[in-house]
$ cat upload_18.cif   # mmCIF, N, CA and C atoms and all ligand atoms
data_data
#
loop_
_atom_site.label_atom_id
_atom_site.label_comp_id
_atom_site.auth_asym_id
_atom_site.auth_seq_id
_atom_site.Cartn_x
_atom_site.Cartn_y
_atom_site.Cartn_z
N MET O 1 0.84 -1.22 0.00
CA MET O 1 0.00 0.00 0.00
C MET O 1 0.86 1.25 0.00
N LYS O 2 1.91 1.22 0.84
CA LYS O 2 2.80 2.38 0.92
C LYS O 2 3.46 2.63 -0.46
N LYS O 3 3.87 1.52 -1.09
CA LYS O 3 4.52 1.62 -2.40
C LYS O 3 3.57 2.25 -3.43
N PHE O 4 2.33 1.82 -3.36
CA PHE O 4 1.32 2.32 -4.29
C PHE O 4 1.16 3.85 -4.13
N ILE O 5 1.16 4.28 -2.90
CA ILE O 5 0.99 5.73 -2.63
C ILE O 5 2.19 6.51 -3.20
N ILE O 6 3.39 5.95 -3.04
CA ILE O 6 4.58 6.63 -3.57
C ILE O 6 4.50 6.73 -5.09
N VAL O 7 4.11 5.63 -5.73
CA VAL O 7 3.98 5.61 -7.19
C VAL O 7 2.95 6.64 -7.64
N LEU O 8 1.84 6.69 -6.92
CA LEU O 8 0.78 7.64 -7.25
C LEU O 8 1.29 9.08 -7.12
N ALA O 9 2.03 9.34 -6.05
CA ALA O 9 2.57 10.69 -5.82
C ALA O 9 3.52 11.07 -6.96
N LEU O 10 4.35 10.13 -7.37
CA LEU O 10 5.30 10.41 -8.46
C LEU O 10 4.56 10.68 -9.77
N SER O 11 3.51 9.89 -10.04
CA SER O 11 2.73 10.10 -11.27
C SER O 11 2.09 11.47 -11.27
N LEU O 12 1.55 11.85 -10.13
CA LEU O 12 0.90 13.16 -10.04
C LEU O 12 1.92 14.27 -10.28
N ALA O 13 3.12 14.11 -9.73
CA ALA O 13 4.17 15.12 -9.92
C ALA O 13 4.51 15.24 -11.40
N THR O 14 4.57 14.11 -12.09
CA THR O 14 4.87 14.11 -13.52
C THR O 14 3.76 14.80 -14.31
N ILE O 15 2.53 14.46 -13.99
CA ILE O 15 1.39 15.06 -14.69
C ILE O 15 1.37 16.57 -14.47
N THR O 16 1.59 17.00 -13.23
CA THR O 16 1.58 18.43 -12.91
C THR O 16 2.64 19.17 -13.71
N SER O 17 3.86 18.61 -13.79
CA SER O 17 4.91 19.32 -14.52
C SER O 17 4.63 19.34 -16.01
N ALA O 18 3.99 18.29 -16.53
CA ALA O 18 3.68 18.24 -17.96
C ALA O 18 2.68 19.32 -18.34
N PHE O 19 1.84 19.71 -17.39
CA PHE O 19 0.83 20.71 -17.69
C PHE O 19 1.17 22.09 -17.10
N ALA O 20 2.41 22.25 -16.69
CA ALA O 20 2.82 23.54 -16.14
C ALA O 20 2.63 24.62 -17.21
N ALA O 21 2.38 25.85 -16.78
CA ALA O 21 2.10 26.94 -17.71
C ALA O 21 3.29 27.20 -18.63
N THR O 22 4.49 27.14 -18.08
CA THR O 22 5.67 27.36 -18.90
C THR O 22 6.70 26.27 -18.62
N ALA O 23 7.61 26.09 -19.56
CA ALA O 23 8.69 25.13 -19.39
C ALA O 23 9.94 25.76 -20.00
N PRO O 24 11.11 25.42 -19.50
CA PRO O 24 12.33 26.02 -20.04
C PRO O 24 12.51 25.71 -21.53
N ILE O 25 12.90 26.71 -22.28
CA ILE O 25 13.09 26.57 -23.73
C ILE O 25 14.56 26.89 -24.03
N VAL O 26 15.14 26.13 -24.95
CA VAL O 26 16.51 26.39 -25.36
C VAL O 26 16.51 27.36 -26.53
N GLY O 27 17.38 28.35 -26.49
CA GLY O 27 17.43 29.31 -27.58
C GLY O 27 18.79 29.96 -27.72
N GLU O 28 18.88 30.89 -28.67
CA GLU O 28 20.13 31.63 -28.89
C GLU O 28 19.77 33.09 -29.11
N VAL O 29 20.53 33.99 -28.48
CA VAL O 29 20.27 35.42 -28.61
C VAL O 29 20.74 35.90 -29.99
N LYS O 30 19.85 36.51 -30.75
CA LYS O 30 20.17 37.01 -32.08
C LYS O 30 20.31 38.53 -32.08
N LYS O 31 19.52 39.20 -31.24
CA LYS O 31 19.53 40.66 -31.23
C LYS O 31 18.97 41.14 -29.89
N ILE O 32 19.52 42.25 -29.39
CA ILE O 32 19.02 42.84 -28.15
C ILE O 32 18.63 44.28 -28.43
N ASN O 33 17.42 44.65 -28.07
CA ASN O 33 16.94 46.02 -28.28
C ASN O 33 16.62 46.64 -26.92
N LEU O 34 17.62 47.32 -26.35
CA LEU O 34 17.46 47.90 -25.02
C LEU O 34 16.40 48.99 -25.01
N ALA O 35 16.36 49.81 -26.07
CA ALA O 35 15.44 50.94 -26.13
C ALA O 35 13.98 50.48 -26.08
N GLN O 36 13.70 49.35 -26.75
CA GLN O 36 12.31 48.88 -26.79
C GLN O 36 12.04 47.71 -25.87
N ASN O 37 13.08 47.35 -25.06
CA ASN O 37 12.86 46.28 -24.09
C ASN O 37 12.53 44.95 -24.77
N LYS O 38 13.24 44.68 -25.87
CA LYS O 38 12.93 43.48 -26.65
C LYS O 38 14.18 42.67 -26.93
N ILE O 39 13.96 41.39 -27.19
CA ILE O 39 15.06 40.50 -27.52
C ILE O 39 14.63 39.57 -28.66
N THR O 40 15.54 39.36 -29.61
CA THR O 40 15.26 38.42 -30.69
C THR O 40 15.95 37.11 -30.34
N LEU O 41 15.17 36.05 -30.28
CA LEU O 41 15.69 34.74 -29.92
C LEU O 41 15.38 33.72 -31.00
N LYS O 42 16.39 32.89 -31.31
CA LYS O 42 16.16 31.72 -32.15
C LYS O 42 15.80 30.64 -31.15
N HIS O 43 14.60 30.10 -31.24
CA HIS O 43 14.19 29.16 -30.19
C HIS O 43 13.75 27.79 -30.70
N GLU O 44 13.86 26.84 -29.80
CA GLU O 44 13.35 25.48 -30.02
C GLU O 44 11.83 25.54 -29.90
N PRO O 45 11.12 24.46 -30.24
CA PRO O 45 9.66 24.49 -30.10
C PRO O 45 9.22 24.89 -28.69
N ILE O 46 8.15 25.70 -28.61
CA ILE O 46 7.61 26.13 -27.31
C ILE O 46 6.24 25.48 -27.16
N ILE O 47 6.17 24.49 -26.29
CA ILE O 47 4.94 23.70 -26.16
C ILE O 47 3.78 24.53 -25.63
N ASN O 48 4.04 25.34 -24.57
CA ASN O 48 2.93 26.08 -23.97
C ASN O 48 2.39 27.18 -24.88
N LEU O 49 3.16 27.57 -25.90
CA LEU O 49 2.68 28.59 -26.85
C LEU O 49 2.31 27.95 -28.19
N ASP O 50 2.43 26.62 -28.27
CA ASP O 50 2.11 25.88 -29.50
C ASP O 50 2.89 26.44 -30.69
N MET O 51 4.20 26.58 -30.48
CA MET O 51 5.05 27.22 -31.48
C MET O 51 6.16 26.28 -31.93
N LYS O 52 6.43 26.31 -33.22
CA LYS O 52 7.54 25.52 -33.73
C LYS O 52 8.84 26.30 -33.54
N ALA O 53 9.96 25.66 -33.84
CA ALA O 53 11.25 26.34 -33.75
C ALA O 53 11.29 27.48 -34.76
N MET O 54 11.79 28.64 -34.34
CA MET O 54 11.87 29.82 -35.23
C MET O 54 12.73 30.89 -34.59
N THR O 55 12.95 31.97 -35.33
CA THR O 55 13.61 33.15 -34.77
C THR O 55 12.56 34.24 -34.69
N MET O 56 12.42 34.86 -33.54
CA MET O 56 11.36 35.86 -33.37
C MET O 56 11.71 36.85 -32.25
N VAL O 57 10.93 37.93 -32.20
CA VAL O 57 11.13 38.98 -31.20
C VAL O 57 10.21 38.74 -30.01
N PHE O 58 10.77 38.87 -28.82
CA PHE O 58 9.98 38.80 -27.58
C PHE O 58 10.16 40.09 -26.81
N THR O 59 9.14 40.47 -26.05
CA THR O 59 9.27 41.52 -25.04
C THR O 59 9.86 40.84 -23.81
N VAL O 60 10.63 41.54 -23.00
CA VAL O 60 11.12 40.94 -21.75
C VAL O 60 10.34 41.50 -20.57
N ALA O 61 10.07 40.63 -19.59
CA ALA O 61 9.29 41.03 -18.42
C ALA O 61 10.05 42.06 -17.59
N ASP O 62 11.38 41.93 -17.56
CA ASP O 62 12.21 42.82 -16.76
C ASP O 62 13.39 43.30 -17.62
N PRO O 63 13.53 44.61 -17.83
CA PRO O 63 14.62 45.13 -18.68
C PRO O 63 16.00 44.68 -18.20
N ALA O 64 16.14 44.41 -16.90
CA ALA O 64 17.44 44.00 -16.34
C ALA O 64 17.92 42.68 -16.96
N MET O 65 16.98 41.88 -17.44
CA MET O 65 17.34 40.60 -18.09
C MET O 65 18.27 40.82 -19.27
N LEU O 66 18.07 41.91 -19.98
CA LEU O 66 18.83 42.16 -21.21
C LEU O 66 20.32 42.40 -20.93
N ALA O 67 20.62 42.81 -19.70
CA ALA O 67 22.02 43.07 -19.34
C ALA O 67 22.76 41.77 -19.00
N THR O 68 22.01 40.68 -18.83
CA THR O 68 22.63 39.42 -18.39
C THR O 68 23.07 38.54 -19.56
N VAL O 69 22.72 38.93 -20.79
CA VAL O 69 23.08 38.13 -21.96
C VAL O 69 23.64 39.02 -23.06
N LYS O 70 24.28 38.39 -24.03
CA LYS O 70 24.76 39.13 -25.21
C LYS O 70 24.44 38.33 -26.47
N VAL O 71 24.52 39.03 -27.61
CA VAL O 71 24.23 38.37 -28.89
C VAL O 71 25.16 37.18 -29.07
N GLY O 72 24.59 36.04 -29.46
CA GLY O 72 25.38 34.83 -29.67
C GLY O 72 25.31 33.87 -28.50
N ASP O 73 24.84 34.35 -27.34
CA ASP O 73 24.73 33.47 -26.17
C ASP O 73 23.68 32.40 -26.38
N LYS O 74 24.00 31.19 -25.94
CA LYS O 74 22.99 30.12 -25.85
C LYS O 74 22.28 30.35 -24.52
N VAL O 75 20.97 30.29 -24.54
CA VAL O 75 20.20 30.59 -23.33
C VAL O 75 19.10 29.54 -23.10
N THR O 76 18.63 29.50 -21.86
CA THR O 76 17.36 28.83 -21.60
C THR O 76 16.44 29.93 -21.09
N PHE O 77 15.19 29.86 -21.50
CA PHE O 77 14.25 30.90 -21.08
C PHE O 77 12.84 30.34 -20.95
N GLU O 78 11.99 31.10 -20.30
CA GLU O 78 10.58 30.75 -20.22
C GLU O 78 9.80 31.90 -20.84
N ALA O 79 8.76 31.55 -21.57
CA ALA O 79 7.98 32.59 -22.24
C ALA O 79 6.50 32.28 -22.15
N ASP O 80 5.70 33.32 -22.14
CA ASP O 80 4.25 33.16 -22.14
C ASP O 80 3.63 34.43 -22.72
N ARG O 81 2.33 34.34 -23.00
CA ARG O 81 1.61 35.50 -23.51
C ARG O 81 1.17 36.35 -22.31
N VAL O 82 1.64 37.59 -22.24
CA VAL O 82 1.28 38.49 -21.15
C VAL O 82 0.61 39.71 -21.78
N LYS O 83 -0.66 39.94 -21.47
CA LYS O 83 -1.44 41.04 -22.05
C LYS O 83 -1.30 41.05 -23.57
N GLY O 84 -1.37 39.87 -24.16
CA GLY O 84 -1.34 39.75 -25.61
C GLY O 84 0.04 39.79 -26.24
N LYS O 85 1.08 40.05 -25.42
CA LYS O 85 2.44 40.11 -25.96
C LYS O 85 3.21 38.87 -25.56
N LEU O 86 3.97 38.32 -26.52
CA LEU O 86 4.82 37.18 -26.19
C LEU O 86 5.99 37.71 -25.38
N THR O 87 6.09 37.25 -24.16
CA THR O 87 7.01 37.83 -23.19
C THR O 87 7.95 36.80 -22.60
N VAL O 88 9.23 37.16 -22.51
CA VAL O 88 10.21 36.31 -21.84
C VAL O 88 10.08 36.58 -20.33
N LEU O 89 9.80 35.52 -19.59
CA LEU O 89 9.59 35.65 -18.14
C LEU O 89 10.87 35.41 -17.35
N SER O 90 11.74 34.56 -17.89
CA SER O 90 13.04 34.34 -17.26
C SER O 90 14.03 34.02 -18.35
N LEU O 91 15.30 34.36 -18.11
CA LEU O 91 16.32 34.22 -19.13
C LEU O 91 17.65 33.91 -18.45
N THR O 92 18.28 32.81 -18.86
CA THR O 92 19.56 32.41 -18.26
C THR O 92 20.54 32.00 -19.35
N ALA O 93 21.72 32.59 -19.35
CA ALA O 93 22.77 32.18 -20.30
C ALA O 93 23.28 30.80 -19.88
N GLN O 94 23.56 29.95 -20.86
CA GLN O 94 24.01 28.59 -20.54
C GLN O 94 25.51 28.56 -20.27
CU CU O 101 8.35 31.70 -31.95
#
$ encode --input "upload_18.cif" --output "structure tokens"
Amino acid sequence: MKKFIIVLALSLATITSAFAATAPIVGEVKKINLAQNKITLKHEPIINLDMKAMTMVFTVADPAMLATVKVGDKVTFEADRVKGKLTVLSLTAQ
């Protein structure tokens, strides 16, 4: 019985993470626009946004993020639609 409960807990954890609002995405910085608070990223498919791999412009949630990366950096990031704009919520250089 105890084993069953552990298995159930693990399955629930897996299901919860699979349906999380955002998931880390692998990408590369192509362009940084400090004046407009935007970043161009070449990204892998984004499941939560139903997007294939492409290069596109995102708004960043926090302008300070733009100072942590440079063009050419490989990054992991999270993105979602915020007030209708595709927005980078977190950004980390690899
Ligand atoms: Cu895209």
$ residues_around --input "upload_18.cif" --residues "Phe58 (chain O)" --least-positions-apart "6" --cutoff "6.5 Å" --atoms "all atoms listed in the file" --output "PyMOL selection string"
chain O and resi 37-41+86-88
$ residues_near_ligand --input "upload_18.cif" --ligand "ligand CU 101 (chain O)" --cutoff "6 Å" --atoms "only N, CA and C atoms and all ligand atoms" --output "list in words"
Met51, Lys52, Ala53, Met54, Thr55 and Met56 of chain O
$ residues_around --input "upload_18.cif" --residues "Lys70 (chain O)" --least-positions-apart "3" --cutoff "7 Å" --atoms "all atoms listed in the file" --output "ChimeraX atom specification"
/O:29-32,66-67,73
$ write_last_selection --input "upload_18.cif" --atoms "N, CA and C atoms" --output "PDB file, keeping the file's coordinate frame"
ATOM      1  N   VAL O  29      20.530  33.990 -28.480  1.00  0.00           N
ATOM      2  CA  VAL O  29      20.270  35.420 -28.610  1.00  0.00           C
ATOM      3  C   VAL O  29      20.740  35.900 -29.990  1.00  0.00           C
ATOM      4  N   LYS O  30      19.850  36.510 -30.750  1.00  0.00           N
ATOM      5  CA  LYS O  30      20.170  37.010 -32.080  1.00  0.00           C
ATOM      6  C   LYS O  30      20.310  38.530 -32.080  1.00  0.00           C
ATOM      7  N   LYS O  31      19.520  39.200 -31.240  1.00  0.00           N
ATOM      8  CA  LYS O  31      19.530  40.660 -31.230  1.00  0.00           C
ATOM      9  C   LYS O  31      18.970  41.140 -29.890  1.00  0.00           C
ATOM     10  N   ILE O  32      19.520  42.250 -29.390  1.00  0.00           N
ATOM     11  CA  ILE O  32      19.020  42.840 -28.150  1.00  0.00           C
ATOM     12  C   ILE O  32      18.630  44.280 -28.430  1.00  0.00           C
ATOM     13  N   LEU O  66      18.070  41.910 -19.980  1.00  0.00           N
ATOM     14  CA  LEU O  66      18.830  42.160 -21.210  1.00  0.00           C
ATOM     15  C   LEU O  66      20.320  42.400 -20.930  1.00  0.00           C
ATOM     16  N   ALA O  67      20.620  42.810 -19.700  1.00  0.00           N
ATOM     17  CA  ALA O  67      22.020  43.070 -19.340  1.00  0.00           C
ATOM     18  C   ALA O  67      22.760  41.770 -19.000  1.00  0.00           C
ATOM     19  N   ASP O  73      24.840  34.350 -27.340  1.00  0.00           N
ATOM     20  CA  ASP O  73      24.730  33.470 -26.170  1.00  0.00           C
ATOM     21  C   ASP O  73      23.680  32.400 -26.380  1.00  0.00           C
TER      22      ASP O  73
END
$ axis_aligned_box --input "upload_18.cif" --around "region 68-83 of chain O" --padding-each-side "8 Å" --output "JSON"
{"center_x": 12.0, "center_y": 34.9, "center_z": -24.0, "size_x": 42.8, "size_y": 28.2, "size_z": 27.3}
$ closest_residue --input "upload_18.cif" --among "O:Met65, O:Ala23, O:Ala35, O:Leu49" --to "Val82 (chain O)" --atoms "only C-alpha atoms"
O:Leu49
$ atom_distance --input "upload_18.cif" --atom1 "atom N of Val60 (chain O)" --atom2 "atom N of Gly84 (chain O)"
12.2 Å
